[in-house]
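K.L.:
Contents are CSV, C-alpha atoms and all ligand atoms; file name run31.csv:
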```csv
chain,number,residue,atom,x,y,z
A,1,MET,CA,0.0,0.0,0.0
A,2,THR,CA,1.3,3.4,-1.0
A,3,VAL,CA,0.4,6.2,1.5
A,4,TYR,CA,0.8,10.0,1.4
A,5,LEU,CA,2.7,11.7,4.2
A,6,ASN,CA,3.7,15.4,4.2
A,7,GLY,CA,4.2,15.8,0.5
A,8,GLU,CA,5.5,12.3,-0.3
A,9,PHE,CA,4.1,9.1,-1.6
A,10,LEU,CA,5.7,6.1,0.0
A,11,PRO,CA,5.2,2.5,1.1
A,12,GLU,CA,3.1,2.3,4.3
A,13,SER,CA,6.0,0.5,6.1
A,14,GLU,CA,8.2,3.5,5.5
A,15,ALA,CA,5.8,6.2,6.6
A,16,LYS,CA,6.9,7.3,10.0
A,17,ILE,CA,5.5,10.0,12.4
A,18,SER,CA,7.2,11.5,15.4
A,19,VAL,CA,6.0,10.5,18.9
A,20,LEU,CA,5.7,14.2,19.5
A,21,ASP,CA,3.0,14.6,16.9
A,22,ARG,CA,0.0,16.3,18.5
A,23,GLY,CA,-2.3,13.9,16.8
A,24,PHE,CA,-0.6,11.1,18.8
A,25,LEU,CA,-0.3,13.0,22.1
A,26,PHE,CA,-3.5,15.0,22.1
A,27,GLY,CA,-5.8,13.8,19.3
A,28,ASP,CA,-5.3,17.4,18.0
A,29,GLY,CA,-6.4,17.0,14.5
A,30,VAL,CA,-9.3,16.4,12.0
A,31,TYR,CA,-10.0,13.9,9.3
A,32,GLU,CA,-12.1,12.9,6.3
A,33,VAL,CA,-13.2,9.6,4.7
A,34,VAL,CA,-13.9,9.9,1.0
A,35,PRO,CA,-15.3,6.9,-0.8
A,36,VAL,CA,-14.0,6.0,-4.3
A,37,PHE,CA,-16.6,4.4,-6.6
A,38,GLY,CA,-15.7,3.3,-10.1
A,39,GLY,CA,-12.3,4.9,-9.6
A,40,ARG,CA,-13.8,8.3,-8.8
A,41,LEU,CA,-13.7,10.2,-5.6
A,42,PHE,CA,-17.4,10.4,-4.6
A,43,ARG,CA,-18.8,13.9,-3.5
A,44,LEU,CA,-15.2,15.2,-3.2
A,45,GLU,CA,-16.2,18.9,-3.2
A,46,GLN,CA,-18.6,18.3,-0.3
A,47,HIS,CA,-15.8,16.4,1.6
A,48,LEU,CA,-13.3,19.1,1.0
A,49,ASP,CA,-15.8,21.8,2.1
A,50,ARG,CA,-16.3,19.9,5.4
A,51,LEU,CA,-12.5,19.5,5.8
A,52,ASP,CA,-12.1,23.3,5.4
A,53,ARG,CA,-14.8,23.8,8.0
A,54,SER,CA,-13.2,21.3,10.4
A,55,LEU,CA,-9.7,22.9,9.9
A,56,SER,CA,-11.0,26.4,10.4
A,57,ALA,CA,-12.9,25.3,13.6
A,58,ILE,CA,-9.7,24.1,15.2
A,59,ARG,CA,-7.7,26.9,13.7
A,60,ILE,CA,-5.3,25.0,11.5
A,61,ASP,CA,-4.4,26.9,8.3
A,62,PRO,CA,-5.3,24.6,5.3
A,63,PRO,CA,-2.0,22.9,4.3
A,64,LEU,CA,-3.2,22.5,0.7
A,65,ASP,CA,-5.6,24.4,-1.5
A,66,ARG,CA,-8.6,22.8,-3.3
A,67,ALA,CA,-6.6,22.0,-6.4
A,68,GLY,CA,-3.7,20.6,-4.3
A,69,TRP,CA,-6.0,18.3,-2.3
A,70,THR,CA,-7.7,17.1,-5.4
A,71,ARG,CA,-4.4,16.4,-7.2
A,72,MET,CA,-2.9,14.6,-4.2
A,73,LEU,CA,-6.0,12.4,-3.6
A,74,GLU,CA,-6.4,11.5,-7.2
A,75,ASP,CA,-2.7,10.6,-7.4
A,76,LEU,CA,-3.0,8.4,-4.3
A,77,VAL,CA,-6.1,6.6,-5.6
A,78,ALA,CA,-4.3,6.0,-8.9
A,79,ARG,CA,-1.3,4.5,-7.0
A,80,ASN,CA,-3.6,2.1,-5.1
A,81,PRO,CA,-5.8,0.5,-7.7
A,82,GLY,CA,-8.8,-1.7,-6.7
A,83,ASP,CA,-12.5,-1.9,-6.5
A,84,ASP,CA,-14.6,0.3,-4.3
A,85,ARG,CA,-12.3,1.9,-1.8
A,86,SER,CA,-12.1,4.8,0.6
A,87,VAL,CA,-9.5,7.4,1.3
A,88,TYR,CA,-8.7,8.3,4.9
A,89,LEU,CA,-7.2,11.8,5.2
A,90,GLN,CA,-5.9,13.3,8.4
A,91,VAL,CA,-4.4,16.6,9.3
A,92,THR,CA,-2.9,17.2,12.8
A,93,ARG,CA,-1.4,20.3,14.3
A,94,GLY,CA,2.1,18.9,13.8
A,95,VAL,CA,5.1,18.0,15.9
A,96,ALA,CA,6.1,20.0,18.9
A,97,ARG,CA,7.2,19.6,22.6
A,98,ARG,CA,4.1,18.7,24.6
A,99,ASP,CA,2.1,21.7,25.7
A,100,HIS,CA,-1.6,22.3,25.4
A,101,ALA,CA,-1.4,25.7,23.7
A,102,PHE,CA,-0.7,25.8,20.0
A,103,PRO,CA,3.0,25.7,19.1
A,104,PRO,CA,4.0,28.7,16.9
A,105,ASP,CA,5.2,28.1,13.3
A,106,VAL,CA,4.8,24.3,13.2
A,107,PRO,CA,3.6,22.8,9.9
A,108,PRO,CA,0.6,20.5,10.1
A,109,THR,CA,1.1,16.7,9.6
A,110,VAL,CA,-0.9,15.6,6.5
A,111,PHE,CA,-1.5,11.8,6.1
A,112,ALA,CA,-3.7,9.9,3.6
A,113,MET,CA,-4.2,6.2,2.9
A,114,VAL,CA,-6.6,4.1,0.8
A,115,SER,CA,-8.6,1.2,2.3
A,116,PRO,CA,-10.9,-1.3,0.6
A,117,ILE,CA,-14.6,-0.9,1.2
A,118,LYS,CA,-16.1,-4.3,2.1
A,119,ALA,CA,-19.0,-5.1,-0.1
A,120,PRO,CA,-22.1,-5.4,2.2
A,121,ASP,CA,-23.3,-8.9,2.9
A,122,PRO,CA,-26.6,-9.3,0.9
A,123,ALA,CA,-28.1,-10.8,4.1
A,124,LEU,CA,-27.7,-7.5,5.7
A,125,PHE,CA,-30.1,-5.8,3.2
A,126,ALA,CA,-32.6,-8.7,3.5
A,127,GLN,CA,-32.5,-8.6,7.3
A,128,GLY,CA,-31.2,-5.2,8.4
A,129,VAL,CA,-29.0,-4.6,11.4
A,130,SER,CA,-29.4,-4.2,15.1
A,131,ALA,CA,-28.7,-1.0,17.0
A,132,LEU,CA,-28.4,-0.1,20.7
A,133,THR,CA,-29.3,3.2,22.2
A,134,VAL,CA,-26.4,4.6,24.3
A,135,PRO,CA,-26.1,7.9,26.2
A,136,ASP,CA,-24.1,10.5,24.2
A,137,THR,CA,-21.1,11.3,26.3
A,138,ARG,CA,-19.3,13.4,23.6
A,139,TRP,CA,-18.3,17.1,23.8
A,140,ASN,CA,-20.4,19.9,22.4
A,141,ARG,CA,-18.7,20.3,19.0
A,142,CYS,CA,-19.7,17.1,17.3
A,143,ASP,CA,-20.0,19.0,14.0
A,144,ILE,CA,-16.2,19.0,13.8
A,145,LYS,CA,-14.8,15.9,12.3
A,146,ALA,CA,-12.1,15.5,15.0
A,147,ILE,CA,-9.8,12.5,15.2
A,148,THR,CA,-10.5,12.5,19.0
A,149,LEU,CA,-13.1,9.6,18.9
A,150,LEU,CA,-12.9,8.0,22.4
A,151,ALA,CA,-16.6,8.5,23.2
A,152,ASN,CA,-17.6,7.1,19.8
A,153,ILE,CA,-15.3,4.1,20.2
A,154,LEU,CA,-16.8,3.3,23.7
A,155,ALA,CA,-20.3,3.6,22.3
A,156,ARG,CA,-19.6,1.4,19.3
A,157,GLN,CA,-17.9,-1.2,21.5
A,158,GLN,CA,-20.9,-1.2,23.9
A,159,ALA,CA,-23.1,-1.9,20.9
A,160,VAL,CA,-20.9,-4.6,19.5
A,161,GLU,CA,-20.7,-6.4,22.9
A,162,ALA,CA,-24.5,-6.3,22.9
A,163,GLY,CA,-24.6,-8.0,19.5
A,164,ALA,CA,-25.5,-4.8,17.7
A,165,ALA,CA,-23.9,-3.2,14.6
A,166,GLU,CA,-24.1,0.4,15.8
A,167,ALA,CA,-24.8,2.6,18.8
A,168,ILE,CA,-27.5,5.3,18.4
A,169,LEU,CA,-26.5,8.2,20.7
A,170,VAL,CA,-29.1,9.9,22.9
A,171,ARG,CA,-28.5,13.4,24.3
A,172,GLY,CA,-31.1,15.3,26.4
A,173,GLY,CA,-33.9,13.0,25.4
A,174,PHE,CA,-33.2,13.2,21.7
A,175,ALA,CA,-31.5,10.7,19.3
A,176,THR,CA,-28.8,12.6,17.4
A,177,GLU,CA,-26.8,10.2,15.3
A,178,GLY,CA,-24.8,6.9,15.4
A,179,ALA,CA,-21.3,6.4,16.7
A,180,ALA,CA,-20.0,6.7,13.1
A,181,SER,CA,-23.2,7.4,11.1
A,182,ASN,CA,-26.2,9.7,10.8
A,183,LEU,CA,-29.7,8.8,11.8
A,184,PHE,CA,-33.0,8.8,9.8
A,185,VAL,CA,-36.4,7.6,10.9
A,186,VAL,CA,-39.6,7.1,8.9
A,187,ALA,CA,-42.6,8.3,10.9
A,188,ASP,CA,-46.1,8.4,9.3
A,189,GLY,CA,-44.5,7.9,5.9
A,190,VAL,CA,-42.2,11.0,6.4
A,191,ILE,CA,-38.4,10.7,6.3
A,192,VAL,CA,-37.0,12.5,9.3
A,193,THR,CA,-33.4,13.4,10.2
A,194,PRO,CA,-32.2,15.8,12.9
A,195,PRO,CA,-31.2,19.3,11.8
A,196,LYS,CA,-27.5,20.0,11.5
A,197,ASP,CA,-26.2,21.6,14.6
A,198,THR,CA,-23.2,21.2,17.0
A,199,SER,CA,-24.7,17.9,18.3
A,200,LEU,CA,-23.9,15.9,15.2
A,201,LEU,CA,-21.6,15.5,12.3
A,202,PRO,CA,-23.0,17.0,9.0
A,203,GLY,CA,-22.7,13.8,7.1
A,204,ILE,CA,-22.1,13.9,3.3
A,205,THR,CA,-24.3,10.8,2.9
A,206,ARG,CA,-27.0,12.4,5.1
A,207,ASP,CA,-27.1,15.5,2.8
A,208,LEU,CA,-27.3,13.4,-0.3
A,209,VAL,CA,-30.2,11.3,1.1
A,210,VAL,CA,-32.1,14.6,1.9
A,211,GLU,CA,-31.2,15.9,-1.6
A,212,LEU,CA,-32.5,12.7,-3.3
A,213,ALA,CA,-35.7,12.8,-1.2
A,214,HIS,CA,-36.4,16.4,-2.3
A,215,LYS,CA,-35.5,15.6,-5.9
A,216,HIS,CA,-37.8,12.6,-6.2
A,217,GLY,CA,-40.7,14.0,-4.2
A,218,LEU,CA,-40.4,11.8,-1.1
A,219,PRO,CA,-41.6,13.7,2.0
A,220,VAL,CA,-38.6,14.6,4.2
A,221,MET,CA,-38.2,16.8,7.3
A,222,GLU,CA,-35.2,18.0,9.3
A,223,SER,CA,-36.5,17.8,12.8
A,224,ALA,CA,-35.2,16.7,16.2
A,225,ILE,CA,-36.0,13.0,17.0
A,226,PRO,CA,-37.2,12.4,20.6
A,227,GLU,CA,-36.0,9.1,21.9
A,228,ALA,CA,-39.6,8.0,22.3
A,229,SER,CA,-40.4,8.6,18.7
A,230,LEU,CA,-37.4,6.4,17.8
A,231,ARG,CA,-39.2,3.6,19.5
A,232,ASP,CA,-42.4,4.2,17.5
A,233,ALA,CA,-40.6,4.6,14.1
A,234,GLU,CA,-41.8,2.6,11.1
A,235,GLU,CA,-38.2,2.5,9.8
A,236,ILE,CA,-34.8,3.5,11.1
A,237,TRP,CA,-31.7,4.0,8.9
A,238,LEU,CA,-28.1,4.8,9.5
A,239,THR,CA,-26.0,6.5,6.8
A,240,SER,CA,-22.3,6.9,6.2
A,241,SER,CA,-19.9,7.2,3.2
A,242,THR,CA,-18.7,3.6,3.5
A,243,LYS,CA,-21.9,1.9,4.8
A,244,GLU,CA,-24.2,4.0,2.6
A,245,ILE,CA,-27.8,3.5,3.9
A,246,LEU,CA,-28.3,0.7,6.5
A,247,PRO,CA,-31.7,-0.4,7.5
A,248,VAL,CA,-32.0,-0.9,11.3
A,249,THR,CA,-34.6,-3.6,12.0
A,250,ARG,CA,-33.9,-4.2,15.7
A,251,LEU,CA,-33.5,-1.5,18.3
A,252,ASP,CA,-32.5,-2.5,21.9
A,253,GLU,CA,-33.6,-6.0,21.0
A,254,ARG,CA,-37.1,-5.0,19.9
A,255,ALA,CA,-38.3,-5.1,16.3
A,256,VAL,CA,-38.4,-1.8,14.4
A,257,GLY,CA,-41.7,-1.6,12.5
A,258,GLU,CA,-42.3,-5.0,11.0
A,259,GLY,CA,-38.7,-6.1,11.8
A,260,ARG,CA,-37.7,-6.0,8.1
A,261,PRO,CA,-36.1,-3.4,5.9
A,262,GLY,CA,-39.0,-1.1,5.0
A,263,PRO,CA,-40.4,0.2,1.6
A,264,VAL,CA,-39.1,3.7,2.1
A,265,TRP,CA,-35.6,2.4,2.8
A,266,ARG,CA,-35.8,0.3,-0.4
A,267,ARG,CA,-36.8,3.2,-2.5
A,268,MET,CA,-34.1,5.5,-1.1
A,269,PHE,CA,-31.5,2.7,-1.4
A,270,ASP,CA,-32.4,2.3,-5.1
A,271,LEU,CA,-32.2,6.1,-5.7
A,272,TYR,CA,-28.8,6.2,-4.1
A,273,GLN,CA,-27.5,3.3,-6.2
A,274,ASP,CA,-28.9,5.0,-9.3
A,275,TYR,CA,-27.1,8.2,-8.4
A,276,LYS,CA,-23.8,6.3,-8.0
A,277,ARG,CA,-24.3,4.5,-11.3
A,278,LYS,CA,-25.0,7.7,-13.1
A,279,LEU,CA,-21.8,9.4,-11.7
A,280,ARG,CA,-19.8,6.3,-12.7
A,281,THR,CA,-20.9,6.4,-16.3
A,282,GLY,CA,-21.7,10.1,-16.7
B,1,LIG,N1,-21.6,10.9,12.2
B,1,LIG,C1,-20.4,10.5,12.7
B,1,LIG,C2,-20.1,10.7,14.1
B,1,LIG,C3,-19.4,9.9,11.8
B,1,LIG,O1,-18.2,9.5,12.3
B,1,LIG,C4,-19.8,9.7,10.5
B,1,LIG,C5,-18.8,9.0,9.5
B,1,LIG,N2,-17.6,9.6,9.4
B,1,LIG,C6,-21.0,10.1,10.0
B,1,LIG,C7,-21.9,10.7,10.9
B,1,LIG,C8,-21.4,10.0,8.6
B,1,LIG,O2,-20.8,10.9,7.8
B,1,LIG,P1,-20.5,10.7,6.2
B,1,LIG,O3,-21.8,10.4,5.5
B,1,LIG,O4,-19.9,12.0,5.8
B,1,LIG,O5,-19.6,9.5,6.1
```
For this file, produce the structure as structure tokens.

P.N.:
Amino acid sequence: MTVYLNGEFLPESEAKISVLDRGFLFGDGVYEVVPVFGGRLFRLEQHLDRLDRSLSAIRIDPPLDRAGWTRMLEDLVARNPGDDRSVYLQVTRGVARRDHAFPPDVPPTVFAMVSPIKAPDPALFAQGVSALTVPDTRWNRCDIKAITLLANILARQQAVEAGAAEAILVRGGFATEGAASNLFVVADGVIVTPPKDTSLLPGITRDLVVELAHKHGLPVMESAIPEASLRDAEEIWLTSSTKEILPVTRLDERAVGEGRPGPVWRRMFDLYQDYKRKLRTG
């Protein structure tokens, strides 16, 4: 595997980072995950917009401009051929003696690598997945795609140990998102997802699902989801760049709706696959 580190492409085994890197010592950095379908970076502009917002929120000057990111990512993808893949891109505040305050004049560390996307098990679309509700113990800037993911990791691990695929986080009586995914429910035939605020990550897949619903005339609403309405939902979905749109058919060991992936999920899943296909051939 060829990775990118600070301006160079090199074998993964040769890519080395200082133990003083602030990503290592403090989790002081941000990241992106961009899927690659049919050899093309999917929704790249939206991912780079979000990267800019994350960098600006933690006050790191962008180490590359739009053309520079695009060139580097396309080059990295070309050097790592394969089927569907994703690019992981991370920027940290760089290497300096350990001190909480920002070090002056230190260049950020920029790292990127390509990973395969595992094709989903067809059984998963026939049966859906289980999810577990978990209290959201994260900080108040969940809109920043920070590499500091301890609370997400603990939530996901709790879900996995309960035999579930994902944790759905609950904060102040409202379900906000998954440990690494955004949340949708279908209630009275209407697709509902929480509005974008500091309690959740503005997912690129989430935005595309909302966009596709508008475009194809499916009723959709951005509105907070009380935990109780999660339990009455006809359908629950989780979205992310690598998992796309996952139907949740069991929540806290109880069936969601009829306990099978629902008709609105099926329609949205097909619209999403059509959109991907058109980009591939278009
Ligand atoms: N929320 C969180 C906390 C995430 O980590 C992710 C995946 N990175 C998402 C939502 C989904 O975002 P996207 O659709 O951009 O992958």

K.L.:
Could you give me, as a PyMOL selection string, every polymer residue with an atom at most 7 Å away from an atom of ligand LIG 1 (chain B), counting only C-alpha atoms and all ligand atoms?

P.N.:
chain A and resi 33+177-182+200-206+239-242

K.L.:
With all atoms listed in the file as the counted atoms, please give the residues lying no more than 10 Å from Ser54 (chain A), apart from itself and same-chain residues fewer than 3 positions off, as a list of chain:residue names.

P.N.:
A:Gly29, A:Val30, A:Tyr31, A:Glu32, A:Leu48, A:Asp49, A:Arg50, A:Leu51, A:Ala57, A:Ile58, A:Arg59, A:Ile60, A:Pro62, A:Asp143, A:Ile144, A:Lys145, A:Ala146

K.L.:
Near Ala164 (chain A), within 6 Å and counting all atoms listed in the file, which residues show up once chain neighbours fewer than 4 positions away are dropped, as a ChimeraX atom specification?

P.N.:
/A:130-131,159-160

K.L.:
Hey, which of A:Phe26, A:Trp265, A:Phe9, A:Tyr275 ends up closest to Ala96 (chain A)? Count all atoms listed in the file.

P.N.:
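Among A:Phe26, A:Trp265, A:Phe9, A:Tyr275, it is A:Phe26 that comes nearest to Ala96 (chain A).
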
K.L.:
For region 13-25 of chain A, list every protein, DNA or RNA residue within 12 Å, evaluated using all atoms listed in the file, and leave out those in the same chain fewer than 3 positions away; present the list as a VMD selection string.

P.N.:
chain A and resid 1 to 10 28 to 31 90 to 103 106 to 113 146 to 149

K.L.:
I'd like the neighbourhood of Asp252 (chain A) as a count of residues only, where a residue qualifies if any of its atoms comes within 12 Å (using only C-alpha atoms), though same-chain residues fewer than 3 positions away should be ignored.

P.N.:
21

K.L.:
I'd like the neighbourhood of Pro219 (chain A) as a PDB file with C-alpha atoms, in the frame of the given file, where a residue qualifies if any of its atoms comes within 10 Å (using all atoms listed in the file), though same-chain residues fewer than 3 positions away should be ignored.

P.N.:
```pdb
ATOM      1  CA  VAL A 186     -39.600   7.100   8.900  1.00  0.00           C
ATOM      2  CA  GLY A 189     -44.500   7.900   5.900  1.00  0.00           C
ATOM      3  CA  VAL A 190     -42.200  11.000   6.400  1.00  0.00           C
ATOM      4  CA  ILE A 191     -38.400  10.700   6.300  1.00  0.00           C
ATOM      5  CA  VAL A 192     -37.000  12.500   9.300  1.00  0.00           C
ATOM      6  CA  VAL A 210     -32.100  14.600   1.900  1.00  0.00           C
ATOM      7  CA  ALA A 213     -35.700  12.800  -1.200  1.00  0.00           C
ATOM      8  CA  HIS A 214     -36.400  16.400  -2.300  1.00  0.00           C
ATOM      9  CA  HIS A 216     -37.800  12.600  -6.200  1.00  0.00           C
TER      10      HIS A 216
END
```

K.L.:
Rank nothing, just name the residue among A:Met268, A:Gly259, A:Leu279, A:Asp65 nearest to Gln127 (chain A), using only C-alpha atoms.

P.N.:
A:Gly259

K.L.:
Distance CA of Leu41 (chain A)-CA of Glu74 (chain A), one decimal place?

P.N.:
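Value for the CA of Leu41 (chain A)-CA of Glu74 (chain A) distance: 7.6 Å.
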
K.L.:
Can you work out which one of A:Arg280, A:Gly128, A:Leu218, A:Ala228 has the shortest atom-to-atom distance to Arg250 (chain A), counting only C-alpha atoms?

P.N.:
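The shortest atom-to-atom distance to Arg250 (chain A) comes from A:Gly128.
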
K.L.:
Which one is closest to Val114 (chain A): A:Val87, A:Ala67, A:Leu44, A:Ala78? Count all atoms listed in the file.

P.N.:
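Of A:Val87, A:Ala67, A:Leu44, A:Ala78, the one nearest Val114 (chain A), counting all atoms listed in the file, is A:Val87.
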
K.L.:
State, in Å with one decimal place, the distance from CA of Arg171 (chain A) to CA of Leu55 (chain A).

P.N.:
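Answer for the CA of Arg171 (chain A) to CA of Leu55 (chain A) separation: 25.5 Å.
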
K.L.:
Point out the residue among A:Leu89, A:Ile117, A:Leu212, A:Ala175 with the least atom-to-atom distance to Thr70 (chain A), counting all atoms listed in the file.

P.N.:
A:Leu89

K.L.:
With distances taken over only C-alpha atoms, which residue among A:Ile153, A:Glu234, A:Glu12, A:Leu208 lies nearest Phe42 (chain A)?

P.N.:
A:Leu208
